[in-house]
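A.B. asks: Just passing along the structure, written as structure tokens.
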Amino acid sequence: MSQALNFFVSSSSRSPATFTISRPSVFPSTGSLRLLVKKSLRTLVVEASSAAASDLDEPQSSPVLVSENGSGGVLSSATQEYGRNAAPGTDSSSIEVDTVTEAELKENGFRSTRRTKLICTIGPATCGFEQLEALAEGGMNVARINMCHGTREWHRMVIERLRRLNEEKGFAVAIMMDTEGSEIHMGDLGGASSAKAEDGEIWNFTVRSFDPPLPERTVTVNYDGFAEDVKVGDELLVDGGMVRFEVIEKIGPDVKCLCTDPGLLLPRANLTFWRDGKLVRERNAMLPTISSKDWLDIDFGIAEGVDFIAVSFVKSAEVIKHLKSYIQARARDSDISVIAKIESIDSLKNLEEIIQASDGAMVARGDLGAQIPLEQVPSEQQKIVQICRQLNRPVIVASQLLESMIEYPIPTRAEVADVSEAVRQRGDALMLSGESAMGQFPEKALTVLRSVSLRIERMWREQKCHEVIELPSIASSFSDSISEEICNSAAKMANNLEVDALFVYTKNGHMASLLSRCRPDCPIFAFTTTTSVRRRLNLQWGLMPFRLSFSDDMESNLNKTFSLLKARGMIKSGDLIIAVSDMLQSIQVMNVP
Ligand SMILES: Nc1ncnc2c1ncn2[C@@H]1O[C@H](COP(=O)(O)OP(=O)(O)OP(=O)(O)O)[C@@H](O)[C@H]1O
Ligand SMILES: CC(=O)C(=O)O
Ligand SMILES: [K+]
Ligand SMILES: [Mg+2]
């Protein structure tokens, strides 16, 4: 039995193709390598044979071509499913792409397309259909709804509008639901949008509940153990220090506090308390990551078919595993990805394990900055982005990217520098919070993210600045290793040959993510058979997700794709592309006919 890696080389390619297998270790040391040239398909077959090949057979996760003498092949049954996997009711002869990508490709060509993905938190400033449409046209790839705020009915309405937008306008905007979590936070201020705390005022932080209106200078606290945990003399920080109090007296459920740094209290703002300059983790460290309210929200998210659930204040990998198995049991057909929000000291302690257990991570700098010294946040960000890249998990950089644009139409120079740095780190996505949820200039803020991303990405191209980081091998089986090696090699070839685009045909998105992980210079056209995978791929760096029904015959897939994309002016004859797929383990280099 033998395993075959096919490198298809078209006779019209611009330069002779050379390939290196960067980690020969994926081939069994006892096996042999053979090179065969198949005339009919202009195919170079690199064949590794091994007595141990049967160990490597995992057709479910990653089918490999099993070939005899390099001629012809037997495809596994998993491979043959492909053609049947089209979304119900979709036209098998069409390709789905959003109007923004289409226009971008037509007007400016492949190189101009943005690689860094953009997320907008939806709130009162952006929940109208036209406002959502404007954000989608402005480049929003993912819409985030924050379950800390608003009612389920409100969120349902937003989801319904986003779905309609996708259906009517061909967008693939994914939906991310963000849980509230049960860390200590204030109540909703009795319905007021904010409250001003002045220097020297005494405020009552209480675990009692009130029927509205709240008594004057009263803040309710969500955590019942609060009055027991704090001590007289503790410092109480609202939103990481936006407002500061000192605990002066405890009377049963009431904690009297003196305002020492005045400021604006916002509904449900996060509270931390500090003793001798250190964050206090008392019994509040035992608060559940997923509260009973969060479980109801999660059921809501599953029922509504959201694409991502972002879990706030993750402390350990266990909670992520627990949630993933819950989702799997509750929603067999849906495939919701779980994003771990890194925003607490506890999450930093178990970072690798948490990221490994998750489908992605978010650097939630808002709350993180309230738990660790601010000067430590940039280095943690860099570390989280790097670990995610290594483990092949999409990573989002979030919070205060353009905070001043909540009020002003242009950002500060420092904010632009911060956004540039996140793009330079090649994180997958940047996220707007208050800027888009309740700011005065949501579309302008999105435009800033878009233009800063494009500017840095253009600079890489102009300076021919390939990324050189060493990515560790992550495959857990031999067939996974083949996929990984193919993607690593294809991305490297794409850079060296300066191809116009990488094409990837992928059922579950895995091959697309492996290509994205390499951060190649050219855009990656990711063809997938279902609308849900298409939406999920929209979070990942450099991927342009298309929905297309395809078969197990790569030649016919490519011909179909070429004619569909050519007909719509998105590619043209002579464009040089490299194609890979997760059904036929191959790299094909060719000019568009
Ligand atoms: N659905 C909503 N309804 C009303 N206001 C919202 C909504 N979503 C967000 N906001 C407002 O936008 C602000 C910023 O949003 P953001 O999602 O960053 O919330 P947050 O309270 O800081 O919590 P988190 O730590 O989860 O990000 C919130 O403080 C709130 O005032
Ligand atoms: C996004 C978020 O939850 C934070 O920054 O705290
Ligand atoms: K949240
Ligand atoms: Mg947070």
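Ordering of the structure tokens sets the chain letters (A, B, ...); residue numbers start at 1 within each chain; ligands are numbered from 1 in the order shown.
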Wanna dump the chain A-ligand 3 contacts at 9 Å for me, each residue with its shortest atom pair and the distance in Å to one decimal, counting only C-alpha atoms and all ligand atoms, ordered by chain and number, as a Markdown table?
C.D. replies:
| residue | atom | partner | partner_atom_place_in_ligand_line | distance |
| --- | --- | --- | --- | --- |
| A:Ile145 | CA | ligand 3 | 1 (K) | 8.5 |
| A:Asn146 | CA | ligand 3 | 1 (K) | 5.1 |
| A:Met147 | CA | ligand 3 | 1 (K) | 6.0 |
| A:Cys148 | CA | ligand 3 | 1 (K) | 5.3 |
| A:His149 | CA | ligand 3 | 1 (K) | 8.2 |
| A:Met177 | CA | ligand 3 | 1 (K) | 8.5 |
| A:Asp178 | CA | ligand 3 | 1 (K) | 4.9 |
| A:Thr179 | CA | ligand 3 | 1 (K) | 4.8 |
| A:Glu180 | CA | ligand 3 | 1 (K) | 4.2 |
| A:Gly181 | CA | ligand 3 | 1 (K) | 6.7 |
| A:Ala310 | CA | ligand 3 | 1 (K) | 8.0 |
| A:Val311 | CA | ligand 3 | 1 (K) | 7.7 |
| A:Ser312 | CA | ligand 3 | 1 (K) | 5.7 |
| A:Phe313 | CA | ligand 3 | 1 (K) | 8.7 |
A.B. asks: Which residues of chain A come within 10 Å of ligand 2, and what is each one's closest atom pair and distance in Å (one decimal), counting only C-alpha atoms and all ligand atoms, sorted by chain and residue number, as CSV?
C.D. replies:
residue,atom,partner,partner_atom_place_in_ligand_line,distance
A:Thr121,CA,ligand 2,1 (C),9.3
A:Arg144,CA,ligand 2,1 (C),9.9
A:Asn146,CA,ligand 2,3 (O),8.6
A:Cys148,CA,ligand 2,3 (O),9.6
A:Asp178,CA,ligand 2,3 (O),7.9
A:Thr179,CA,ligand 2,3 (O),8.9
A:Glu180,CA,ligand 2,3 (O),8.6
A:Gly181,CA,ligand 2,3 (O),9.6
A:Asp239,CA,ligand 2,6 (O),9.0
A:Gly240,CA,ligand 2,6 (O),9.9
A:Asn270,CA,ligand 2,6 (O),8.7
A:Ala310,CA,ligand 2,3 (O),9.0
A:Val311,CA,ligand 2,3 (O),9.0
A:Ser312,CA,ligand 2,3 (O),6.4
A:Phe313,CA,ligand 2,3 (O),8.1
A:Lys341,CA,ligand 2,3 (O),7.0
A:Ile342,CA,ligand 2,4 (C),8.4
A:Glu343,CA,ligand 2,6 (O),6.0
A:Ser344,CA,ligand 2,6 (O),9.0
A:Met362,CA,ligand 2,1 (C),7.5
A:Val363,CA,ligand 2,5 (O),7.1
A:Ala364,CA,ligand 2,5 (O),3.4
A:Arg365,CA,ligand 2,5 (O),4.3
A:Gly366,CA,ligand 2,5 (O),3.3
A:Asp367,CA,ligand 2,6 (O),3.7
A:Leu368,CA,ligand 2,6 (O),6.3
A:Gly369,CA,ligand 2,6 (O),8.1
A:Ala370,CA,ligand 2,6 (O),8.6
A:Ile396,CA,ligand 2,1 (C),9.5
A:Val397,CA,ligand 2,1 (C),8.7
A:Ala398,CA,ligand 2,1 (C),5.5
A:Ser399,CA,ligand 2,5 (O),4.7
A:Gln400,CA,ligand 2,5 (O),7.8
A:Met431,CA,ligand 2,1 (C),8.2
A:Leu432,CA,ligand 2,1 (C),8.8
A:Ser433,CA,ligand 2,1 (C),7.0
A:Gly434,CA,ligand 2,1 (C),9.8
A.B. asks: Please save C-alpha atoms of the selected residues as a CSV table (one decimal), in the first residue's frame.
C.D. replies:
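For reference, again.csv as written:
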chain,number,residue,atom,x,y,z
A,121,THR,CA,-20.0,44.7,18.2
A,144,ARG,CA,-20.7,40.3,17.7
A,146,ASN,CA,-22.8,40.9,23.7
A,148,CYS,CA,-24.1,41.5,28.9
A,178,ASP,CA,-20.4,36.7,23.7
A,179,THR,CA,-21.4,35.4,27.1
A,180,GLU,CA,-21.8,37.7,30.1
A,181,GLY,CA,-19.8,35.5,32.5
A,239,ASP,CA,-13.7,49.2,34.6
A,240,GLY,CA,-10.1,48.8,35.5
A,270,ASN,CA,-16.7,45.3,35.7
A,310,ALA,CA,-17.1,33.6,22.8
A,311,VAL,CA,-16.8,32.6,26.5
A,312,SER,CA,-16.0,35.4,28.9
A,313,PHE,CA,-13.5,35.0,31.8
A,341,LYS,CA,-11.8,35.1,25.8
A,342,ILE,CA,-8.5,35.7,27.5
A,343,GLU,CA,-9.3,38.4,30.0
A,344,SER,CA,-8.3,37.2,33.5
A,362,MET,CA,-9.8,36.6,21.9
A,363,VAL,CA,-7.3,39.0,23.5
A,364,ALA,CA,-10.0,40.8,25.5
A,365,ARG,CA,-7.8,43.7,26.5
A,366,GLY,CA,-10.6,45.6,28.3
A,367,ASP,CA,-11.0,43.3,31.3
A,368,LEU,CA,-7.5,41.9,31.0
A,369,GLY,CA,-6.2,45.4,31.6
A,370,ALA,CA,-8.2,45.5,34.8
A,396,ILE,CA,-9.0,38.3,17.7
A,397,VAL,CA,-7.5,41.4,19.1
A,398,ALA,CA,-10.2,43.3,20.9
A,399,SER,CA,-11.1,46.4,23.0
A,400,GLN,CA,-10.2,50.1,22.9
A,431,MET,CA,-12.7,43.9,16.9
A,432,LEU,CA,-14.7,47.1,17.6
A,433,SER,CA,-16.7,47.3,20.8
A,434,GLY,CA,-18.2,50.5,22.1
A.B. asks: From the DSSP assignment of the backbone, select every residue of stretch 164-301 of chain A that is strand (DSSP E or B), and format the answer as a ChimeraX atom specification.
C.D. replies: /A:174-178,185-186,195-197,202-206,218-221,235-238,243-251,254-261,263-265,270-275,278-279
A.B. asks: Report as a ChimeraX atom specification: the residues of stretch 531-590 of chain A with a DSSP assignment of alpha helix (DSSP H), based on the backbone of this structure.
C.D. replies: /A:531-537,554-567
A.B. asks: Generate the output file for the selected residues, N, CA, C and O atoms, as an mmCIF file, in the first residue's frame.
C.D. replies:
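part22.cif written:
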data_model
loop_
_atom_site.group_PDB
_atom_site.id
_atom_site.type_symbol
_atom_site.label_atom_id
_atom_site.label_comp_id
_atom_site.auth_asym_id
_atom_site.auth_seq_id
_atom_site.Cartn_x
_atom_site.Cartn_y
_atom_site.Cartn_z
ATOM 1 N N THR A 531 -22.918 26.843 3.558
ATOM 2 C CA THR A 531 -22.925 28.256 3.936
ATOM 3 C C THR A 531 -22.388 28.451 5.352
ATOM 4 O O THR A 531 -21.799 29.479 5.649
ATOM 5 N N SER A 532 -22.569 27.452 6.220
ATOM 6 C CA SER A 532 -22.105 27.642 7.603
ATOM 7 C C SER A 532 -20.570 27.610 7.668
ATOM 8 O O SER A 532 -19.969 28.410 8.384
ATOM 9 N N VAL A 533 -19.940 26.703 6.918
ATOM 10 C CA VAL A 533 -18.470 26.706 6.905
ATOM 11 C C VAL A 533 -17.983 28.004 6.265
ATOM 12 O O VAL A 533 -17.038 28.633 6.740
ATOM 13 N N ARG A 534 -18.672 28.422 5.217
ATOM 14 C CA ARG A 534 -18.269 29.671 4.559
ATOM 15 C C ARG A 534 -18.272 30.828 5.565
ATOM 16 O O ARG A 534 -17.330 31.617 5.626
ATOM 17 N N ARG A 535 -19.318 30.909 6.379
ATOM 18 C CA ARG A 535 -19.371 32.001 7.365
ATOM 19 C C ARG A 535 -18.247 31.864 8.393
ATOM 20 O O ARG A 535 -17.609 32.846 8.755
ATOM 21 N N ARG A 536 -18.009 30.650 8.847
ATOM 22 C CA ARG A 536 -16.977 30.489 9.881
ATOM 23 C C ARG A 536 -15.578 30.838 9.362
ATOM 24 O O ARG A 536 -14.757 31.376 10.094
ATOM 25 N N LEU A 537 -15.332 30.520 8.082
ATOM 26 C CA LEU A 537 -14.012 30.837 7.515
ATOM 27 C C LEU A 537 -13.789 32.345 7.422
ATOM 28 O O LEU A 537 -12.664 32.812 7.287
ATOM 29 N N MET A 554 -10.991 16.937 -9.310
ATOM 30 C CA MET A 554 -10.383 18.267 -9.195
ATOM 31 C C MET A 554 -10.305 18.999 -10.527
ATOM 32 O O MET A 554 -10.434 20.217 -10.579
ATOM 33 N N GLU A 555 -10.067 18.251 -11.615
ATOM 34 C CA GLU A 555 -9.978 18.942 -12.904
ATOM 35 C C GLU A 555 -11.300 19.622 -13.229
ATOM 36 O O GLU A 555 -11.340 20.771 -13.636
ATOM 37 N N SER A 556 -12.385 18.887 -12.979
ATOM 38 C CA SER A 556 -13.675 19.495 -13.302
ATOM 39 C C SER A 556 -14.009 20.612 -12.308
ATOM 40 O O SER A 556 -14.585 21.627 -12.687
ATOM 41 N N ASN A 557 -13.599 20.464 -11.036
ATOM 42 C CA ASN A 557 -13.814 21.555 -10.070
ATOM 43 C C ASN A 557 -13.114 22.825 -10.526
ATOM 44 O O ASN A 557 -13.679 23.921 -10.476
ATOM 45 N N LEU A 558 -11.865 22.656 -10.948
ATOM 46 C CA LEU A 558 -11.091 23.834 -11.351
ATOM 47 C C LEU A 558 -11.708 24.478 -12.585
ATOM 48 O O LEU A 558 -11.883 25.702 -12.624
ATOM 49 N N ASN A 559 -12.069 23.641 -13.562
ATOM 50 C CA ASN A 559 -12.665 24.208 -14.776
ATOM 51 C C ASN A 559 -13.956 24.959 -14.464
ATOM 52 O O ASN A 559 -14.198 26.050 -14.975
ATOM 53 N N LYS A 560 -14.752 24.347 -13.567
ATOM 54 C CA LYS A 560 -16.009 24.983 -13.179
ATOM 55 C C LYS A 560 -15.732 26.328 -12.489
ATOM 56 O O LYS A 560 -16.343 27.346 -12.793
ATOM 57 N N THR A 561 -14.767 26.296 -11.546
ATOM 58 C CA THR A 561 -14.451 27.527 -10.807
ATOM 59 C C THR A 561 -13.947 28.607 -11.763
ATOM 60 O O THR A 561 -14.375 29.762 -11.678
ATOM 61 N N PHE A 562 -13.028 28.208 -12.657
ATOM 62 C CA PHE A 562 -12.482 29.197 -13.595
ATOM 63 C C PHE A 562 -13.603 29.841 -14.401
ATOM 64 O O PHE A 562 -13.667 31.060 -14.539
ATOM 65 N N SER A 563 -14.502 28.988 -14.925
ATOM 66 C CA SER A 563 -15.505 29.599 -15.800
ATOM 67 C C SER A 563 -16.472 30.468 -15.002
ATOM 68 O O SER A 563 -16.847 31.547 -15.452
ATOM 69 N N LEU A 564 -16.832 30.025 -13.783
ATOM 70 C CA LEU A 564 -17.747 30.846 -12.987
ATOM 71 C C LEU A 564 -17.101 32.174 -12.578
ATOM 72 O O LEU A 564 -17.725 33.238 -12.665
ATOM 73 N N LEU A 565 -15.850 32.106 -12.140
ATOM 74 C CA LEU A 565 -15.191 33.339 -11.687
ATOM 75 C C LEU A 565 -14.858 34.251 -12.868
ATOM 76 O O LEU A 565 -14.942 35.473 -12.757
ATOM 77 N N LYS A 566 -14.483 33.641 -13.994
ATOM 78 C CA LYS A 566 -14.185 34.456 -15.182
ATOM 79 C C LYS A 566 -15.433 35.175 -15.676
ATOM 80 O O LYS A 566 -15.394 36.348 -16.008
ATOM 81 N N ALA A 567 -16.537 34.428 -15.662
ATOM 82 C CA ALA A 567 -17.786 35.017 -16.143
ATOM 83 C C ALA A 567 -18.162 36.247 -15.321
ATOM 84 O O ALA A 567 -18.790 37.174 -15.821
#
A.B. asks: Just want the 9 Å neighbourhood of A:Lys169, counted on only C-alpha atoms, with same-chain residues fewer than 3 positions away dropped. Output as JSON, numbers by chain.
C.D. replies: {"A": [98, 99, 133, 164, 165, 166]}
A.B. asks: Include C-alpha atoms and write out the residues we just selected as a PDB file, in the first residue's frame.
C.D. replies:
ATOM      1  CA  ASP A  98     -20.470  38.731  -1.448  1.00  0.00           C
ATOM      2  CA  THR A  99     -20.780  41.866  -3.534  1.00  0.00           C
ATOM      3  CA  GLU A 133     -25.821  46.665   5.698  1.00  0.00           C
ATOM      4  CA  ARG A 164     -31.673  38.495   5.968  1.00  0.00           C
ATOM      5  CA  LEU A 165     -28.704  40.608   4.957  1.00  0.00           C
ATOM      6  CA  ASN A 166     -26.696  37.486   4.122  1.00  0.00           C
TER       7      ASN A 166
END
A.B. asks: Per residue of stretch 82-185 of chain A within 8 Å of stretch 435-453 of chain A, note the shortest atom pair and the distance in Å to one decimal, counting only C-alpha atoms, and order the rows by chain and increasing residue number, as CSV.
C.D. replies:
residue,atom,partner,partner_atom,distance
A:Arg114,CA,A:Ser453,CA,7.1
A:Arg115,CA,A:Ser453,CA,7.8
A:Thr116,CA,A:Ser453,CA,6.3
A:Leu118,CA,A:Leu449,CA,7.5
A:Cys120,CA,A:Ser436,CA,6.0
A:Thr121,CA,A:Ala437,CA,5.3
A:Ile122,CA,A:Ala437,CA,4.8
A:Gly123,CA,A:Ala437,CA,3.8
A:Pro124,CA,A:Met438,CA,5.8
A:Ala125,CA,A:Met438,CA,4.8
A:Thr126,CA,A:Ala437,CA,6.2
A:Ala134,CA,A:Glu443,CA,7.2
A:Leu135,CA,A:Glu443,CA,6.3
A:Gly138,CA,A:Thr447,CA,6.6
A:Gly139,CA,A:Arg450,CA,7.2
A:Met140,CA,A:Leu446,CA,7.6
A.B. asks: Name all residues at most 8 Å from stretch 507-514 of chain A (count only C-alpha atoms; drop same-chain ones fewer than 4 positions away) and give them as a PyMOL selection string.
C.D. replies: chain A and resi 82+392+483-484+487-488+518+524+526+528-530+533+537+540+543+581-582
A.B. asks: Go ahead and write the residues just picked, N, CA and C atoms, as a PDB file, in the first residue's frame.
C.D. replies:
ATOM      1  N   TYR A  82     -18.329  14.337  -1.325  1.00  0.00           N
ATOM      2  CA  TYR A  82     -18.221  15.758  -1.587  1.00  0.00           C
ATOM      3  C   TYR A  82     -19.334  16.362  -2.413  1.00  0.00           C
ATOM      4  N   ASN A 392      -2.634  26.885  15.405  1.00  0.00           N
ATOM      5  CA  ASN A 392      -3.633  27.030  14.343  1.00  0.00           C
ATOM      6  C   ASN A 392      -5.032  27.315  14.877  1.00  0.00           C
ATOM      7  N   SER A 483      -1.644  16.893   4.996  1.00  0.00           N
ATOM      8  CA  SER A 483      -2.362  18.155   4.751  1.00  0.00           C
ATOM      9  C   SER A 483      -1.500  19.343   5.155  1.00  0.00           C
ATOM     10  N   GLU A 484      -0.892  19.222   6.327  1.00  0.00           N
ATOM     11  CA  GLU A 484      -0.089  20.331   6.841  1.00  0.00           C
ATOM     12  C   GLU A 484       1.104  20.611   5.925  1.00  0.00           C
ATOM     13  N   CYS A 487       0.006  22.258   2.731  1.00  0.00           N
ATOM     14  CA  CYS A 487      -0.323  23.681   2.907  1.00  0.00           C
ATOM     15  C   CYS A 487       0.934  24.505   3.125  1.00  0.00           C
ATOM     16  N   ASN A 488       1.854  24.011   3.955  1.00  0.00           N
ATOM     17  CA  ASN A 488       3.104  24.746   4.165  1.00  0.00           C
ATOM     18  C   ASN A 488       3.852  24.921   2.841  1.00  0.00           C
ATOM     19  N   CYS A 518      -0.256  29.938   7.437  1.00  0.00           N
ATOM     20  CA  CYS A 518       1.051  30.279   6.842  1.00  0.00           C
ATOM     21  C   CYS A 518       1.141  31.739   6.439  1.00  0.00           C
ATOM     22  N   ILE A 524      -6.270  33.876  -0.383  1.00  0.00           N
ATOM     23  CA  ILE A 524      -6.660  32.465  -0.440  1.00  0.00           C
ATOM     24  C   ILE A 524      -8.150  32.403  -0.765  1.00  0.00           C
ATOM     25  N   ALA A 526     -11.181  30.345  -0.691  1.00  0.00           N
ATOM     26  CA  ALA A 526     -11.570  29.102  -0.008  1.00  0.00           C
ATOM     27  C   ALA A 526     -12.952  28.684  -0.494  1.00  0.00           C
ATOM     28  N   THR A 528     -16.030  26.157  -0.407  1.00  0.00           N
ATOM     29  CA  THR A 528     -16.589  25.189   0.525  1.00  0.00           C
ATOM     30  C   THR A 528     -18.046  24.951   0.165  1.00  0.00           C
ATOM     31  N   THR A 529     -18.547  23.784   0.555  1.00  0.00           N
ATOM     32  CA  THR A 529     -19.870  23.405   0.050  1.00  0.00           C
ATOM     33  C   THR A 529     -21.027  23.935   0.896  1.00  0.00           C
ATOM     34  N   THR A 530     -20.756  24.330   2.130  1.00  0.00           N
ATOM     35  CA  THR A 530     -21.889  24.758   2.960  1.00  0.00           C
ATOM     36  C   THR A 530     -21.765  26.230   3.365  1.00  0.00           C
ATOM     37  N   VAL A 533     -19.940  26.703   6.918  1.00  0.00           N
ATOM     38  CA  VAL A 533     -18.470  26.706   6.905  1.00  0.00           C
ATOM     39  C   VAL A 533     -17.983  28.004   6.265  1.00  0.00           C
ATOM     40  N   LEU A 537     -15.332  30.520   8.082  1.00  0.00           N
ATOM     41  CA  LEU A 537     -14.012  30.837   7.515  1.00  0.00           C
ATOM     42  C   LEU A 537     -13.789  32.345   7.422  1.00  0.00           C
ATOM     43  N   GLN A 540     -11.108  34.094   9.490  1.00  0.00           N
ATOM     44  CA  GLN A 540      -9.686  33.765   9.419  1.00  0.00           C
ATOM     45  C   GLN A 540      -8.908  34.586   8.408  1.00  0.00           C
ATOM     46  N   LEU A 543      -8.506  34.568   4.178  1.00  0.00           N
ATOM     47  CA  LEU A 543      -9.427  33.681   3.470  1.00  0.00           C
ATOM     48  C   LEU A 543     -10.569  34.476   2.850  1.00  0.00           C
ATOM     49  N   SER A 581      -6.525  20.777  -2.191  1.00  0.00           N
ATOM     50  CA  SER A 581      -7.852  20.361  -1.745  1.00  0.00           C
ATOM     51  C   SER A 581      -7.709  19.303  -0.666  1.00  0.00           C
ATOM     52  N   ASP A 582      -8.763  19.138   0.111  1.00  0.00           N
ATOM     53  CA  ASP A 582      -8.645  18.134   1.162  1.00  0.00           C
ATOM     54  C   ASP A 582      -9.235  16.793   0.745  1.00  0.00           C
TER      55      ASP A 582
END
A.B. asks: Considering only C-alpha atoms and all ligand atoms, state which residue in the set A:Ile456, A:Leu214, A:Leu391, A:Leu271 is at the smallest distance from ligand 4.
C.D. replies: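 Using only C-alpha atoms and all ligand atoms, the shortest distance to ligand 4 belongs to A:Leu271.
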A.B. asks: To one decimal place, how far is atom CA of A:Lys315 from atom CA of A:Glu353 in Å?
C.D. replies: 10.4 Å
A.B. asks: Return the single residue from A:Arg268, A:Thr260, A:Phe205, A:Asp254 that is closest to ligand 4, with distances computed using only C-alpha atoms and all ligand atoms.
C.D. replies: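 Among the listed residues, the smallest separation from ligand 4 belongs to A:Arg268.
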